[in-house]
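What follows is a short report on a single structure.
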Amino acid sequence: MITNYELRINNYVLKKSKIKNYNMSNKKNVKQGSQDVEFAIAKENFKYIAIGVGILVIGFLMMAGGKTDDPSVFNPDIFSFRRITLAPIIVVGGFGFIIWAIMKKPKE
């Protein structure tokens with residue numbers, strides 16, 4: 001006969017018909033109902049990601065335009081420094097900023 005038994009399923013331990021949750025992490029937990037929910041990305045990182053998306057939007061808006069009203073007339077404005085060089089650098093920088101924002105360790 002087994003008098004002291006223990007059954008482990010995921011993070012829950014069942015001991016003599018009592019369920020206890022053993023959470024081993026040291027990170028902050030957000031209470032939602034009776035369960036602990038831990039987000040992979042902190043609130044601070046989401047702010048940085050939003051800034052990165054804003055940088056991307058600015059870069060793509062800088063690339064827009066340069067069309068001509070008459071299809072038989074060439075508009076050299078499509079090859080301007082802003083559309084060919086500056087805007088793609090800003091877009092790549094925006095993607096790099098977003099990657100940094102995702103990887104950044106939040107303050108404790």
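Starting from 1 in every chain, residues are counted up; chains themselves are A, B, ... following the order of the structure tokens, and ligands are numbered from 1 as listed.
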
I want to know what sits within 12 Å of A:Val53, based on only C-alpha atoms, with residues of the same chain fewer than 6 positions away left out; could you give that as an mmCIF file with N, CA and C atoms, in the first residue's frame?
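The resulting file, selection-v7.cif, is reproduced below:
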data_model
loop_
_atom_site.group_PDB
_atom_site.id
_atom_site.type_symbol
_atom_site.label_atom_id
_atom_site.label_comp_id
_atom_site.auth_asym_id
_atom_site.auth_seq_id
_atom_site.Cartn_x
_atom_site.Cartn_y
_atom_site.Cartn_z
ATOM 1 N N PHE A 46 7.841 46.112 -25.846
ATOM 2 C CA PHE A 46 6.758 46.419 -26.774
ATOM 3 C C PHE A 46 6.799 47.884 -27.194
ATOM 4 N N LYS A 47 7.185 48.771 -26.283
ATOM 5 C CA LYS A 47 7.320 50.188 -26.632
ATOM 6 C C LYS A 47 8.414 50.372 -27.675
ATOM 7 N N GLY A 59 10.291 55.104 -43.307
ATOM 8 C CA GLY A 59 11.137 54.691 -44.426
ATOM 9 C C GLY A 59 10.338 54.330 -45.658
ATOM 10 N N PHE A 60 9.247 53.586 -45.479
ATOM 11 C CA PHE A 60 8.435 53.211 -46.643
ATOM 12 C C PHE A 60 7.705 54.415 -47.223
ATOM 13 N N ILE A 90 17.007 53.672 -43.919
ATOM 14 C CA ILE A 90 16.103 53.854 -42.775
ATOM 15 C C ILE A 90 15.277 52.598 -42.531
ATOM 16 N N VAL A 91 14.802 51.945 -43.589
ATOM 17 C CA VAL A 91 14.014 50.714 -43.436
ATOM 18 C C VAL A 91 14.861 49.601 -42.824
ATOM 19 N N VAL A 92 16.075 49.419 -43.307
ATOM 20 C CA VAL A 92 16.954 48.382 -42.743
ATOM 21 C C VAL A 92 17.280 48.717 -41.287
ATOM 22 N N GLY A 93 17.503 50.000 -41.003
ATOM 23 C CA GLY A 93 17.726 50.413 -39.621
ATOM 24 C C GLY A 93 16.516 50.139 -38.737
ATOM 25 N N GLY A 94 15.314 50.333 -39.284
ATOM 26 C CA GLY A 94 14.091 50.028 -38.534
ATOM 27 C C GLY A 94 13.973 48.550 -38.213
ATOM 28 N N PHE A 95 14.292 47.701 -39.189
ATOM 29 C CA PHE A 95 14.262 46.259 -38.929
ATOM 30 C C PHE A 95 15.309 45.875 -37.876
ATOM 31 N N GLY A 96 16.490 46.467 -37.973
ATOM 32 C CA GLY A 96 17.526 46.203 -36.974
ATOM 33 C C GLY A 96 17.099 46.653 -35.584
ATOM 34 N N PHE A 97 16.422 47.803 -35.499
ATOM 35 C CA PHE A 97 15.937 48.304 -34.219
ATOM 36 C C PHE A 97 14.884 47.366 -33.634
ATOM 37 N N ILE A 98 14.009 46.832 -34.479
ATOM 38 C CA ILE A 98 12.986 45.892 -33.999
ATOM 39 C C ILE A 98 13.632 44.611 -33.483
ATOM 40 N N ILE A 99 14.624 44.105 -34.193
ATOM 41 C CA ILE A 99 15.323 42.896 -33.733
ATOM 42 C C ILE A 99 16.002 43.162 -32.395
ATOM 43 N N ALA A 101 15.032 45.364 -30.193
ATOM 44 C CA ALA A 101 13.972 45.523 -29.191
ATOM 45 C C ALA A 101 13.453 44.169 -28.715
#

Enumerate the residues of stretch 31-72 of chain A with a DSSP assignment of alpha helix (DSSP H), computed from the backbone, and present them as a PyMOL selection string.
chain A and resi 43-63

Keeping only C-alpha atoms, take the residues you just selected and write them out as a PDB file, in the first residue's frame.
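The resulting file, part_10.pdb, is reproduced below:
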ATOM      1  CA  LYS A  43       6.099  45.938 -21.692  1.00  0.00           C
ATOM      2  CA  GLU A  44       9.241  48.041 -22.190  1.00  0.00           C
ATOM      3  CA  ASN A  45      10.192  45.924 -25.208  1.00  0.00           C
ATOM      4  CA  PHE A  46       6.758  46.419 -26.774  1.00  0.00           C
ATOM      5  CA  LYS A  47       7.320  50.188 -26.632  1.00  0.00           C
ATOM      6  CA  TYR A  48      10.622  49.795 -28.455  1.00  0.00           C
ATOM      7  CA  ILE A  49       8.996  47.520 -31.047  1.00  0.00           C
ATOM      8  CA  ALA A  50       6.316  50.187 -31.677  1.00  0.00           C
ATOM      9  CA  ILE A  51       9.066  52.782 -32.199  1.00  0.00           C
ATOM     10  CA  GLY A  52      10.753  50.414 -34.682  1.00  0.00           C
ATOM     11  CA  VAL A  53       7.499  49.972 -36.607  1.00  0.00           C
ATOM     12  CA  GLY A  54       7.208  53.766 -36.746  1.00  0.00           C
ATOM     13  CA  ILE A  55      10.719  53.959 -38.224  1.00  0.00           C
ATOM     14  CA  LEU A  56       9.700  51.377 -40.839  1.00  0.00           C
ATOM     15  CA  VAL A  57       6.594  53.347 -41.789  1.00  0.00           C
ATOM     16  CA  ILE A  58       8.657  56.525 -42.181  1.00  0.00           C
ATOM     17  CA  GLY A  59      11.137  54.691 -44.426  1.00  0.00           C
ATOM     18  CA  PHE A  60       8.435  53.211 -46.643  1.00  0.00           C
ATOM     19  CA  LEU A  61       6.663  56.578 -46.913  1.00  0.00           C
ATOM     20  CA  MET A  62       9.948  58.134 -48.019  1.00  0.00           C
ATOM     21  CA  MET A  63      10.159  55.570 -50.840  1.00  0.00           C
TER      22      MET A  63
END
